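Report on one structure; see the data block that follows.
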Amino acid sequence: MCSSDLAATVAKSLIQHKHKWPNMSKEERTALRQMRELDVGYNMTDKNFGGAAYSKDKYKEQCRLHLEDEKGTYMLVTQTKDEVLYEVLLRLGSILLRLRDRESGLGWAHLAESLKRDSERAARTGRLCKFYIIWKLHKQANASGLRSRPIAAAIDYVTGPVSHFLHSQLKEAVWKHPYVLKDSLELIKELEGLRFETREPIMLTTADVNALYPSIQLEQGMTALRWFLDRHTSMNPALKTLCCDLAFFVLTNNYVTCEELGQENIYHQRIGTAMGTSFSVVYAIIFMIWFETPIINRFSQYIRLYKRYIDDLFLIWTGPPATLCEFRRAMATADENISLDWSGYESQQDAINPAKVVARRHMQANFLDLNICLQRKETKSGSEEIQVVLSPYRKPGNAYAYIPFSSFHGRHIFRGWVRAELLRLLTHCSTPTLWVEECGIFYHLLCSRGYPRRFLADTFKEVTWAQRSEIISRSRQKKDGNFFETYKACVLTLRNAPEWPMLRERLDLRLDELRSSTFGDMTRSLLVAAPEQFAC
């Protein structure tokens with residue numbers, strides 16, 4: 001497709017939201033309306049590989065391959081949209097009815113009423129999950145012809161409030177798990193704290209799980225959830241049971257419509273979990289923790305570091321190559337529905353072949369947005385040590401389509417995002433030389449997008465190499481501690497807490513310490529002016 005056609009396609013996708021583009025001229029709007037009849041579409045691609053123009057027929061074909069596959073992932077239902085929403089609410093109501101009847105306090109009744117009210121409000125919108133795909137430009141089509149990632153957006157869908165409740169209850173325990181990564185900065189902190197013996201074999205290796213979300217079978221997923229609740233949370237038994245019941249409800253009531261295949265066609269997901277609801281992320285991570293824990297425990301003596309970001313894993317191995325093959329074989333056979341692609345190998349068989357593993361150097365790996373290298377260097381004392389060298393990793397398909405400086409964004413936006421990117425380059429480079437090189441590349445890319453050199457010079461001066469150590473060692477807990485120590489205050493934040501009414505009765509909110517302090521007069525006047533606000 002030529003550049004003019006692509007521009008027209010992009011413009012066509014924007015006409016539907018013309019109220020958001022008040023800076024467009026009358027001629028531009030007229031041109032956009034004329035693009036509506038083109039048989040092409042435009043959307044962002046998977047893994048941030050930029051935008052893609054596509055044939056609507058090809059798009060419809062991909063949707064059909066997902067929704068009507070041989071495995072029976074989705075099933076076409078005969079009910080109307082209103083009938084589906086009514087039945088889903090009835091299933092939720094049966095769970096909440098048991099919750100309201102509990103004798104353990106009024107908190108459960110409040111929680112049940114809250115979930116019921118929010119779910120009914122969502123049902124009144126009349127929406128099911130919106131099914132769509134995003135193209136995978138970084139991979140070839142599989143044997144079935146699939147080259148896309150399915151998304152089932154659950155915005156304003158009836159299971160949304162329950163999904164959010166589950167996410168809120170589980171996220172803290174999930175992110176605290178030692179195998180789980182929040183972001184690349186957390187991995188940088190781990191890597192820079194490692195020291196290696198020059199005599200030990202060291203191999204870096206990465207992998208990603210193929211189609212994790214649709215590959216999780218319901219029975220195994222629920223087993224993993226119950227295991228995680230027992231092993232890694234301090235929830236009481238009643239709350240554990242509730243989480244399992246609500247999780248089963250969310251996972252088994254995913255109904256979608258696809259605009260390209262007709263809004264009257266409703267599909268019910270029967271296998272896997274959908275991408276597009278907040279609970280699916282923590283659920284997939286919990287499943288992987290359950291899946292990998294016995295294997296990691298078995299090979300723990302050879303694992304120096306193991307981290308995973310959802311379905312991408314990073315491993316520093318210090319054992320024999322043959323044992324690494326055994327580890328990979330164990331990961332491949334633990335669940336028949338879960339398969340991994342190990343970076344640098346053409347097939348799974350190559351990844352578990354000791355001869356292939358020995359022949360390949362494992363001193364470098366790309367993981368998330370990091371390029372990680374191990375280098376042997378001589379110290380001042382004459383001995384040799386192994387150092388971790390970090391630099392930013394840029395995907396081959398990166399178009400560097402930064403916001404043009406001529407854009408209608410607020411002026412403060414440009415300085416903010418450029419400074420944020422400079423800070424990211426700062427943390428992702430382990431030496432000043434690498435950082436200067438990366439800043440030079442970034443500078444020239446910005447110049448090509450129309451950024452004035454004077455503006456860039458002023459913004460670049462705000463970030464220096466001396467800031468790196470402070471950012472790497474920064475502790476969020478320490479900052480919060482300083483706040484509480486300074487202001488002698490406490491902030492109580494509760495999200496969907498079933499025991500809140502009972503807790504409120506037991507809390508001492510008389511603020512005696514503040515009354516007796518220097519601010520006592522002000523505190524007393526506040527209590528007199530608005531006592532009900534301080535009572536709960």
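Residues are named by chain letter and number: chains run A, B, ... in the order of the structure tokens, numbers start at 1 in each chain, and ligands are numbered from 1 in the order shown.
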Give me, as a tab-separated table, each residue of stretch 352-398 of chain A that comes within 6 Å of stretch 198-211 of chain A, together with its shortest interatomic pair and the distance in Å at one decimal, counting only C-alpha atoms, with rows ordered by chain and rising residue number.
```
residue	atom	partner	partner_atom	distance
A:His362	CA	A:Met203	CA	4.7
A:Met363	CA	A:Leu204	CA	5.8
A:Glu385	CA	A:Thr198	CA	5.9
```
File dump, residues just selected, C-alpha atoms, as a short mmCIF file (atom, residue, chain, number, x, y, z; two decimals), in the first residue's frame:
```cif
data_model
loop_
_atom_site.label_atom_id
_atom_site.label_comp_id
_atom_site.auth_asym_id
_atom_site.auth_seq_id
_atom_site.Cartn_x
_atom_site.Cartn_y
_atom_site.Cartn_z
CA HIS A 362 24.64 -17.50 26.19
CA MET A 363 26.44 -14.32 27.25
CA GLU A 385 35.57 -10.57 37.12
#
```
Report task. Give the helix (DSSP H, G or I) residues of stretch 196-260 of chain A, as assigned by DSSP on the backbone, as a PyMOL selection string. Result -> chain A and resi 212-215+218-232+237-251+259-260
Would you mind exporting N, CA, C and O atoms of the selected residues as a short mmCIF file (atom, residue, chain, number, x, y, z; two decimals), in the first residue's frame?
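Output file result23.cif is given in full below:
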```
data_model
loop_
_atom_site.label_atom_id
_atom_site.label_comp_id
_atom_site.auth_asym_id
_atom_site.auth_seq_id
_atom_site.Cartn_x
_atom_site.Cartn_y
_atom_site.Cartn_z
N LEU A 212 -0.53 -17.68 26.18
CA LEU A 212 -0.77 -18.08 27.56
C LEU A 212 -2.25 -18.01 27.94
O LEU A 212 -2.81 -18.97 28.48
N TYR A 213 -2.90 -16.90 27.69
CA TYR A 213 -4.28 -16.70 28.16
C TYR A 213 -5.25 -17.78 27.65
O TYR A 213 -5.97 -18.38 28.44
N PRO A 214 -5.29 -18.01 26.34
CA PRO A 214 -6.23 -19.04 25.88
C PRO A 214 -5.77 -20.47 26.16
O PRO A 214 -6.53 -21.41 25.93
N SER A 215 -4.54 -20.66 26.66
CA SER A 215 -4.02 -22.00 26.90
C SER A 215 -4.29 -22.50 28.32
O SER A 215 -4.05 -23.67 28.62
N LEU A 218 -9.54 -24.39 32.44
CA LEU A 218 -10.28 -23.92 33.61
C LEU A 218 -9.95 -24.73 34.86
O LEU A 218 -9.72 -24.16 35.94
N GLU A 219 -9.89 -26.04 34.74
CA GLU A 219 -9.64 -26.88 35.91
C GLU A 219 -8.26 -26.59 36.51
O GLU A 219 -8.11 -26.42 37.72
N GLN A 220 -7.23 -26.53 35.65
CA GLN A 220 -5.88 -26.25 36.13
C GLN A 220 -5.78 -24.82 36.69
O GLN A 220 -5.11 -24.58 37.70
N GLY A 221 -6.46 -23.89 36.04
CA GLY A 221 -6.42 -22.51 36.51
C GLY A 221 -7.04 -22.35 37.89
O GLY A 221 -6.49 -21.64 38.75
N MET A 222 -8.16 -23.00 38.13
CA MET A 222 -8.81 -22.91 39.44
C MET A 222 -7.98 -23.63 40.51
O MET A 222 -7.91 -23.18 41.65
N THR A 223 -7.34 -24.74 40.12
CA THR A 223 -6.44 -25.42 41.06
C THR A 223 -5.29 -24.51 41.45
O THR A 223 -4.90 -24.42 42.63
N ALA A 224 -4.72 -23.81 40.46
CA ALA A 224 -3.62 -22.88 40.73
C ALA A 224 -4.07 -21.75 41.64
O ALA A 224 -3.34 -21.33 42.55
N LEU A 225 -5.28 -21.23 41.43
CA LEU A 225 -5.78 -20.13 42.25
C LEU A 225 -5.95 -20.56 43.70
O LEU A 225 -5.54 -19.85 44.63
N ARG A 226 -6.55 -21.73 43.91
CA ARG A 226 -6.73 -22.22 45.29
C ARG A 226 -5.38 -22.45 45.96
O ARG A 226 -5.21 -22.14 47.15
N TRP A 227 -4.43 -23.00 45.22
CA TRP A 227 -3.08 -23.23 45.75
C TRP A 227 -2.42 -21.91 46.15
O TRP A 227 -1.81 -21.80 47.21
N PHE A 228 -2.56 -20.91 45.29
CA PHE A 228 -1.94 -19.61 45.58
C PHE A 228 -2.58 -18.95 46.80
O PHE A 228 -1.89 -18.38 47.65
N LEU A 229 -3.89 -19.02 46.91
CA LEU A 229 -4.57 -18.42 48.05
C LEU A 229 -4.12 -19.07 49.36
O LEU A 229 -3.97 -18.39 50.38
N ASP A 230 -3.90 -20.38 49.35
CA ASP A 230 -3.48 -21.08 50.57
C ASP A 230 -2.02 -20.81 50.90
O ASP A 230 -1.66 -20.66 52.08
N ARG A 231 -1.15 -20.74 49.89
CA ARG A 231 0.29 -20.63 50.11
C ARG A 231 0.80 -19.19 50.24
O ARG A 231 1.78 -18.95 50.94
N HIS A 232 0.16 -18.25 49.55
CA HIS A 232 0.76 -16.93 49.41
C HIS A 232 -0.13 -15.78 49.85
O HIS A 232 0.20 -14.61 49.57
N PRO A 237 -10.60 -18.08 55.49
CA PRO A 237 -11.20 -19.11 54.63
C PRO A 237 -12.43 -18.63 53.86
O PRO A 237 -12.64 -19.00 52.71
N ALA A 238 -13.23 -17.78 54.51
CA ALA A 238 -14.44 -17.30 53.84
C ALA A 238 -14.11 -16.46 52.62
O ALA A 238 -14.74 -16.58 51.56
N LEU A 239 -13.11 -15.60 52.75
CA LEU A 239 -12.73 -14.75 51.63
C LEU A 239 -12.08 -15.56 50.52
O LEU A 239 -12.26 -15.28 49.33
N LYS A 240 -11.32 -16.60 50.87
CA LYS A 240 -10.74 -17.48 49.86
C LYS A 240 -11.83 -18.17 49.04
O LYS A 240 -11.75 -18.24 47.80
N THR A 241 -12.83 -18.67 49.75
CA THR A 241 -13.94 -19.34 49.06
C THR A 241 -14.66 -18.36 48.13
O THR A 241 -15.01 -18.70 46.99
N LEU A 242 -14.87 -17.15 48.62
CA LEU A 242 -15.54 -16.14 47.80
C LEU A 242 -14.72 -15.83 46.54
O LEU A 242 -15.28 -15.74 45.44
N CYS A 243 -13.41 -15.67 46.69
CA CYS A 243 -12.57 -15.36 45.54
C CYS A 243 -12.63 -16.49 44.50
O CYS A 243 -12.69 -16.23 43.29
N CYS A 244 -12.62 -17.72 44.96
CA CYS A 244 -12.71 -18.85 44.02
C CYS A 244 -14.06 -18.88 43.31
O CYS A 244 -14.13 -19.10 42.09
N ASP A 245 -15.14 -18.64 44.05
CA ASP A 245 -16.47 -18.63 43.44
C ASP A 245 -16.60 -17.52 42.40
O ASP A 245 -17.13 -17.73 41.30
N LEU A 246 -16.11 -16.34 42.75
CA LEU A 246 -16.21 -15.21 41.84
C LEU A 246 -15.29 -15.37 40.64
O LEU A 246 -15.62 -14.96 39.53
N ALA A 247 -14.11 -15.97 40.85
CA ALA A 247 -13.20 -16.22 39.74
C ALA A 247 -13.83 -17.18 38.74
O ALA A 247 -13.76 -16.98 37.52
N PHE A 248 -14.45 -18.24 39.25
CA PHE A 248 -15.14 -19.19 38.36
C PHE A 248 -16.26 -18.48 37.59
O PHE A 248 -16.48 -18.74 36.40
N PHE A 249 -16.95 -17.57 38.26
CA PHE A 249 -18.02 -16.82 37.61
C PHE A 249 -17.47 -15.97 36.46
O PHE A 249 -18.02 -15.96 35.36
N VAL A 250 -16.38 -15.24 36.69
CA VAL A 250 -15.80 -14.38 35.65
C VAL A 250 -15.30 -15.22 34.48
O VAL A 250 -15.53 -14.88 33.31
N LEU A 251 -14.61 -16.33 34.78
CA LEU A 251 -14.00 -17.14 33.73
C LEU A 251 -15.02 -17.88 32.87
O LEU A 251 -14.73 -18.21 31.71
N GLU A 259 -18.05 -7.06 15.78
CA GLU A 259 -18.72 -6.18 14.83
C GLU A 259 -18.57 -6.67 13.39
O GLU A 259 -19.50 -6.59 12.59
N GLU A 260 -17.38 -7.20 13.06
CA GLU A 260 -17.13 -7.65 11.69
C GLU A 260 -17.95 -8.88 11.31
O GLU A 260 -18.21 -9.11 10.13
#
```
Test item: residues at most 9 Å from A:Gly145, only C-alpha atoms, excluding those fewer than 3 positions along its chain, as a short mmCIF file (atom, residue, chain, number, x, y, z; two decimals) with all heavy atoms, in the first residue's frame:
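So the final result, stored in selection-v3.cif, reads:
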```
data_model
loop_
_atom_site.label_atom_id
_atom_site.label_comp_id
_atom_site.auth_asym_id
_atom_site.auth_seq_id
_atom_site.Cartn_x
_atom_site.Cartn_y
_atom_site.Cartn_z
N GLN A 62 -9.47 -13.43 10.21
CA GLN A 62 -8.76 -13.70 11.46
C GLN A 62 -9.75 -13.82 12.62
O GLN A 62 -9.61 -14.69 13.48
CB GLN A 62 -7.75 -12.59 11.73
CG GLN A 62 -6.55 -12.59 10.80
CD GLN A 62 -5.61 -13.75 11.07
OE1 GLN A 62 -5.20 -14.00 12.20
NE2 GLN A 62 -5.28 -14.49 10.03
N LEU A 65 -11.34 -17.19 12.48
CA LEU A 65 -10.43 -18.26 12.88
C LEU A 65 -10.35 -18.37 14.40
O LEU A 65 -10.22 -19.47 14.96
CB LEU A 65 -9.04 -18.01 12.30
CG LEU A 65 -8.87 -18.25 10.80
CD1 LEU A 65 -7.48 -17.80 10.34
CD2 LEU A 65 -9.08 -19.72 10.47
N GLN A 140 5.28 -15.14 12.05
CA GLN A 140 4.59 -15.69 10.88
C GLN A 140 3.29 -16.35 11.33
O GLN A 140 3.11 -16.69 12.50
CB GLN A 140 5.48 -16.72 10.17
CG GLN A 140 6.77 -16.14 9.60
CD GLN A 140 6.51 -15.15 8.49
OE1 GLN A 140 5.57 -15.31 7.70
NE2 GLN A 140 7.34 -14.11 8.42
N ALA A 141 2.38 -16.54 10.39
CA ALA A 141 1.12 -17.21 10.70
C ALA A 141 1.37 -18.65 11.10
O ALA A 141 2.30 -19.30 10.59
CB ALA A 141 0.19 -17.16 9.48
N ASN A 142 0.58 -19.15 12.04
CA ASN A 142 0.75 -20.54 12.47
C ASN A 142 0.08 -21.49 11.48
O ASN A 142 -0.40 -21.08 10.43
CB ASN A 142 0.22 -20.75 13.89
CG ASN A 142 -1.28 -20.51 13.98
OD1 ASN A 142 -1.99 -20.44 12.98
ND2 ASN A 142 -1.78 -20.39 15.20
#
```
Report task. Considering only C-alpha atoms, return as a ChimeraX atom specification whatever protein or nucleic-acid residues lie within 7 Å of A:Asn398, sequence-local ones (same chain, fewer than 4 positions apart) excluded. Result -> /A:49-50,394
Atoms kept (N, CA, C and O atoms) for selection, written as a PDB file, in the first residue's frame:
```
ATOM      1  N   PHE A  49       4.758  -2.673  17.498  1.00  0.00           N
ATOM      2  CA  PHE A  49       5.440  -2.634  16.210  1.00  0.00           C
ATOM      3  C   PHE A  49       4.846  -1.579  15.282  1.00  0.00           C
ATOM      4  O   PHE A  49       5.024  -1.649  14.074  1.00  0.00           O
ATOM      5  N   GLY A  50       4.135  -0.618  15.838  1.00  0.00           N
ATOM      6  CA  GLY A  50       3.595   0.454  15.019  1.00  0.00           C
ATOM      7  C   GLY A  50       2.217   0.135  14.477  1.00  0.00           C
ATOM      8  O   GLY A  50       1.561  -0.821  14.879  1.00  0.00           O
ATOM      9  N   ARG A 394      16.089  -2.082  21.421  1.00  0.00           N
ATOM     10  CA  ARG A 394      15.114  -1.527  20.477  1.00  0.00           C
ATOM     11  C   ARG A 394      14.689  -2.624  19.514  1.00  0.00           C
ATOM     12  O   ARG A 394      15.535  -3.249  18.880  1.00  0.00           O
TER      13      ARG A 394
END
```
**Report entry** 12 Å contact set for A:Pro320, only C-alpha atoms, chain neighbours under 6 positions out, as a list in words
**Finding:** Glu200, Pro201, Ile202, Met203, Phe299, Gln301, Tyr302, Ile303, Glu326, Phe327, Pro354, Ala355, Val357 and Val358 of chain A
Grab the residues selected above and save them as a PDB file, in the first residue's frame with C-alpha atoms.
```pdb
ATOM      1  CA  GLU A 200      31.364 -20.965  37.279  1.00  0.00           C
ATOM      2  CA  PRO A 201      29.506 -21.487  33.987  1.00  0.00           C
ATOM      3  CA  ILE A 202      26.998 -18.710  33.385  1.00  0.00           C
ATOM      4  CA  MET A 203      24.301 -18.676  30.733  1.00  0.00           C
ATOM      5  CA  PHE A 299      16.677 -27.140  39.687  1.00  0.00           C
ATOM      6  CA  GLN A 301      20.928 -25.151  42.784  1.00  0.00           C
ATOM      7  CA  TYR A 302      21.653 -24.127  39.180  1.00  0.00           C
ATOM      8  CA  ILE A 303      19.396 -21.061  39.022  1.00  0.00           C
ATOM      9  CA  GLU A 326      16.513 -31.055  31.365  1.00  0.00           C
ATOM     10  CA  PHE A 327      15.084 -27.874  32.891  1.00  0.00           C
ATOM     11  CA  PRO A 354      22.757 -30.408  24.497  1.00  0.00           C
ATOM     12  CA  ALA A 355      24.905 -30.158  21.370  1.00  0.00           C
ATOM     13  CA  VAL A 357      23.016 -25.513  23.551  1.00  0.00           C
ATOM     14  CA  VAL A 358      26.795 -25.902  23.894  1.00  0.00           C
TER      15      VAL A 358
END
```
Give me, as JSON lines, the closest atom pair and its distance (Å, one decimal) for every residue of stretch 398-443 of chain A within a cut-off of 9 Å of stretch 449-455 of chain A, counting only C-alpha atoms, rows sorted by chain and rising number.
```
{"residue": "A:Ala401", "atom": "CA", "partner": "A:Arg449", "partner_atom": "CA", "distance": 8.1}
{"residue": "A:Tyr402", "atom": "CA", "partner": "A:Arg449", "partner_atom": "CA", "distance": 7.0}
{"residue": "A:Ile403", "atom": "CA", "partner": "A:Arg449", "partner_atom": "CA", "distance": 7.6}
{"residue": "A:Pro404", "atom": "CA", "partner": "A:Arg449", "partner_atom": "CA", "distance": 5.4}
{"residue": "A:Phe405", "atom": "CA", "partner": "A:Tyr451", "partner_atom": "CA", "distance": 5.4}
{"residue": "A:Ser406", "atom": "CA", "partner": "A:Gly450", "partner_atom": "CA", "distance": 7.3}
{"residue": "A:Arg415", "atom": "CA", "partner": "A:Phe455", "partner_atom": "CA", "distance": 8.4}
{"residue": "A:Tyr443", "atom": "CA", "partner": "A:Arg453", "partner_atom": "CA", "distance": 8.7}
```
Output all heavy atoms of each residue in that selection to a file, as a short mmCIF file (atom, residue, chain, number, x, y, z; two decimals), in the first residue's frame.
```
data_model
loop_
_atom_site.label_atom_id
_atom_site.label_comp_id
_atom_site.auth_asym_id
_atom_site.auth_seq_id
_atom_site.Cartn_x
_atom_site.Cartn_y
_atom_site.Cartn_z
N ALA A 401 8.11 6.68 16.04
CA ALA A 401 7.08 7.64 15.65
C ALA A 401 6.73 8.52 16.85
O ALA A 401 5.60 8.51 17.36
CB ALA A 401 5.85 6.92 15.12
N TYR A 402 7.71 9.29 17.29
CA TYR A 402 7.49 10.20 18.42
C TYR A 402 6.50 11.30 18.03
O TYR A 402 6.29 11.59 16.86
CB TYR A 402 8.81 10.84 18.85
CG TYR A 402 9.89 9.87 19.24
CD1 TYR A 402 11.19 9.99 18.73
CD2 TYR A 402 9.64 8.82 20.11
CE1 TYR A 402 12.20 9.12 19.08
CE2 TYR A 402 10.63 7.93 20.47
CZ TYR A 402 11.91 8.08 19.95
OH TYR A 402 12.89 7.20 20.30
N ILE A 403 5.89 11.93 19.06
CA ILE A 403 4.96 13.03 18.81
C ILE A 403 5.68 14.13 18.04
O ILE A 403 6.70 14.64 18.50
CB ILE A 403 4.43 13.58 20.14
CG1 ILE A 403 3.75 12.49 20.97
CG2 ILE A 403 3.46 14.74 19.89
CD1 ILE A 403 3.38 12.94 22.36
N PRO A 404 5.19 14.52 16.88
CA PRO A 404 5.85 15.64 16.15
C PRO A 404 5.77 16.92 16.96
O PRO A 404 4.79 17.17 17.68
CB PRO A 404 5.03 15.74 14.86
CG PRO A 404 4.30 14.44 14.74
CD PRO A 404 4.06 13.96 16.13
N PHE A 405 6.79 17.73 16.86
CA PHE A 405 6.81 18.98 17.63
C PHE A 405 5.72 19.95 17.17
O PHE A 405 5.35 20.86 17.90
CB PHE A 405 8.19 19.64 17.52
CG PHE A 405 8.45 20.64 18.62
CD1 PHE A 405 8.72 20.21 19.90
CD2 PHE A 405 8.41 22.01 18.36
CE1 PHE A 405 8.95 21.12 20.92
CE2 PHE A 405 8.64 22.93 19.38
CZ PHE A 405 8.92 22.48 20.66
N SER A 406 5.21 19.73 15.97
CA SER A 406 4.15 20.59 15.45
C SER A 406 2.77 20.14 15.89
O SER A 406 1.76 20.72 15.48
CB SER A 406 4.20 20.62 13.91
OG SER A 406 4.08 19.30 13.38
N ARG A 415 8.20 18.53 26.87
CA ARG A 415 9.31 18.48 27.84
C ARG A 415 9.16 17.29 28.77
O ARG A 415 10.15 16.61 29.09
CB ARG A 415 9.33 19.78 28.65
CG ARG A 415 10.38 19.79 29.76
CD ARG A 415 10.27 21.05 30.61
NE ARG A 415 11.10 20.94 31.79
CZ ARG A 415 10.72 20.35 32.92
NH1 ARG A 415 9.51 19.78 32.99
NH2 ARG A 415 11.54 20.30 33.96
N TYR A 443 18.63 12.02 20.49
CA TYR A 443 18.68 13.42 20.07
C TYR A 443 18.44 13.55 18.56
O TYR A 443 17.62 14.35 18.10
CB TYR A 443 20.03 14.02 20.45
CG TYR A 443 20.22 15.46 20.03
CD1 TYR A 443 19.79 16.50 20.84
CD2 TYR A 443 20.83 15.78 18.83
CE1 TYR A 443 19.97 17.83 20.47
CE2 TYR A 443 21.02 17.10 18.43
CZ TYR A 443 20.58 18.12 19.26
OH TYR A 443 20.75 19.42 18.87
#
```
So that I can check the surroundings of A:Asp350, please list as a short mmCIF file (atom, residue, chain, number, x, y, z; two decimals) with N, CA and C atoms, in the first residue's frame every protein, DNA and RNA residue that reaches within 12 Å of it, counting only C-alpha atoms and ignoring chain neighbours fewer than 3 positions away.
```
data_model
loop_
_atom_site.label_atom_id
_atom_site.label_comp_id
_atom_site.auth_asym_id
_atom_site.auth_seq_id
_atom_site.Cartn_x
_atom_site.Cartn_y
_atom_site.Cartn_z
N CYS A 325 19.09 -28.30 29.55
CA CYS A 325 18.16 -28.98 28.63
C CYS A 325 17.10 -29.74 29.41
N ARG A 328 14.56 -27.20 30.62
CA ARG A 328 13.66 -26.79 29.53
C ARG A 328 12.68 -27.90 29.17
N ARG A 329 13.14 -29.14 29.23
CA ARG A 329 12.25 -30.27 28.93
C ARG A 329 11.16 -30.38 30.00
N ASP A 341 8.73 -20.76 23.76
CA ASP A 341 9.71 -20.51 22.71
C ASP A 341 10.96 -19.93 23.37
N TRP A 342 12.07 -20.67 23.26
CA TRP A 342 13.33 -20.21 23.84
C TRP A 342 14.08 -19.38 22.80
N SER A 343 14.47 -18.18 23.20
CA SER A 343 15.10 -17.25 22.26
C SER A 343 16.41 -17.82 21.73
N GLY A 344 16.62 -17.63 20.42
CA GLY A 344 17.86 -18.06 19.79
C GLY A 344 17.83 -19.45 19.21
N TYR A 345 16.69 -20.14 19.33
CA TYR A 345 16.58 -21.51 18.81
C TYR A 345 15.44 -21.57 17.81
N GLU A 346 15.65 -22.32 16.76
CA GLU A 346 14.65 -22.41 15.71
C GLU A 346 13.46 -23.27 16.11
N SER A 347 13.66 -24.19 17.05
CA SER A 347 12.57 -25.07 17.46
C SER A 347 12.77 -25.50 18.90
N ASN A 353 18.41 -29.78 22.99
CA ASN A 353 19.50 -30.58 22.43
C ASN A 353 20.82 -30.09 23.02
N PRO A 354 21.52 -30.88 23.86
CA PRO A 354 22.76 -30.41 24.50
C PRO A 354 23.81 -29.92 23.50
N ALA A 355 23.91 -30.57 22.36
CA ALA A 355 24.90 -30.16 21.37
C ALA A 355 24.59 -28.76 20.85
N LYS A 356 23.32 -28.48 20.59
CA LYS A 356 22.92 -27.15 20.13
C LYS A 356 23.15 -26.09 21.21
N VAL A 357 22.87 -26.46 22.45
CA VAL A 357 23.02 -25.51 23.55
C VAL A 357 24.48 -25.17 23.77
N VAL A 358 25.36 -26.14 23.71
CA VAL A 358 26.79 -25.90 23.89
C VAL A 358 27.34 -25.02 22.78
N ALA A 359 26.83 -25.23 21.57
CA ALA A 359 27.35 -24.48 20.42
C ALA A 359 26.95 -23.02 20.45
N ARG A 360 25.90 -22.71 21.16
CA ARG A 360 25.42 -21.32 21.19
C ARG A 360 25.92 -20.61 22.44
#
```
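The shortest atom-to-atom distance to A:Leu426, with only C-alpha atoms taken into account, belongs to A:Leu185 out of A:Leu315, A:Leu185, A:Ala457, A:Ala274.
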Query - Members of stretch 62-229 of chain A assigned strand (DSSP E or B) by DSSP, as a VMD selection string - result: chain A and resid 74 to 77 129 to 135 148 to 153 180 196 203 to 209
Writing out the chosen residues with C-alpha atoms as a PDB file, in the first residue's frame:
```
ATOM      1  CA  TYR A  74     -15.863 -20.141  21.561  1.00  0.00           C
ATOM      2  CA  MET A  75     -19.384 -21.400  20.990  1.00  0.00           C
ATOM      3  CA  LEU A  76     -22.120 -19.554  19.129  1.00  0.00           C
ATOM      4  CA  VAL A  77     -25.171 -19.165  21.388  1.00  0.00           C
ATOM      5  CA  CYS A 129     -17.444  -7.899  25.563  1.00  0.00           C
ATOM      6  CA  LYS A 130     -16.213  -6.363  22.327  1.00  0.00           C
ATOM      7  CA  PHE A 131     -14.071  -8.838  20.398  1.00  0.00           C
ATOM      8  CA  TYR A 132     -11.312  -7.583  18.124  1.00  0.00           C
ATOM      9  CA  ILE A 133      -7.802  -8.542  17.076  1.00  0.00           C
ATOM     10  CA  ILE A 134      -4.401  -6.864  16.852  1.00  0.00           C
ATOM     11  CA  TRP A 135      -1.951  -8.018  14.220  1.00  0.00           C
ATOM     12  CA  SER A 148      -3.203 -12.008  15.398  1.00  0.00           C
ATOM     13  CA  ARG A 149      -3.889 -11.668  19.110  1.00  0.00           C
ATOM     14  CA  PRO A 150      -7.534 -11.853  20.246  1.00  0.00           C
ATOM     15  CA  ILE A 151      -8.856  -9.210  22.658  1.00  0.00           C
ATOM     16  CA  ALA A 152     -12.240  -9.277  24.414  1.00  0.00           C
ATOM     17  CA  ALA A 153     -12.626  -5.832  25.957  1.00  0.00           C
ATOM     18  CA  VAL A 180       7.284 -11.876  39.374  1.00  0.00           C
ATOM     19  CA  PHE A 196      29.684 -13.898  39.633  1.00  0.00           C
ATOM     20  CA  MET A 203      24.301 -18.676  30.733  1.00  0.00           C
ATOM     21  CA  LEU A 204      21.615 -16.096  30.043  1.00  0.00           C
ATOM     22  CA  THR A 205      18.426 -17.394  28.464  1.00  0.00           C
ATOM     23  CA  THR A 206      14.942 -16.043  27.828  1.00  0.00           C
ATOM     24  CA  ALA A 207      11.643 -17.512  26.678  1.00  0.00           C
ATOM     25  CA  ASP A 208       8.025 -16.572  26.153  1.00  0.00           C
ATOM     26  CA  VAL A 209       4.909 -18.664  26.659  1.00  0.00           C
TER      27      VAL A 209
END
```
Quick one: which stretch 383-414 of chain A residues come within 10 Å of stretch 427-437 of chain A, and what is the nearest atom pair for each with the distance in Å to one decimal, counting only C-alpha atoms, rows ordered by chain and ascending number, as a Markdown table?
```
| residue | atom | partner | partner_atom | distance |
| --- | --- | --- | --- | --- |
| A:Gln387 | CA | A:Ser430 | CA | 10.0 |
| A:Val388 | CA | A:Ser430 | CA | 8.0 |
| A:Val389 | CA | A:Ser430 | CA | 5.7 |
| A:Leu390 | CA | A:Ser430 | CA | 5.1 |
| A:Ser391 | CA | A:Cys429 | CA | 4.5 |
| A:Pro392 | CA | A:His428 | CA | 5.6 |
| A:Tyr393 | CA | A:His428 | CA | 9.0 |
```
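Taking atom CA of A:His177 and atom CA of A:Gly193 as the two end points, the separation is 18.6 Å.
You can rank A:Trp317, A:Tyr179, A:Tyr255, A:Trp417 by their closest distance to A:Thr78 using only C-alpha atoms, and at the top of that list sits A:Tyr255.
For the pair atom CA of A:Arg468 and atom CA of A:His412, the interatomic distance is 23.6 Å.
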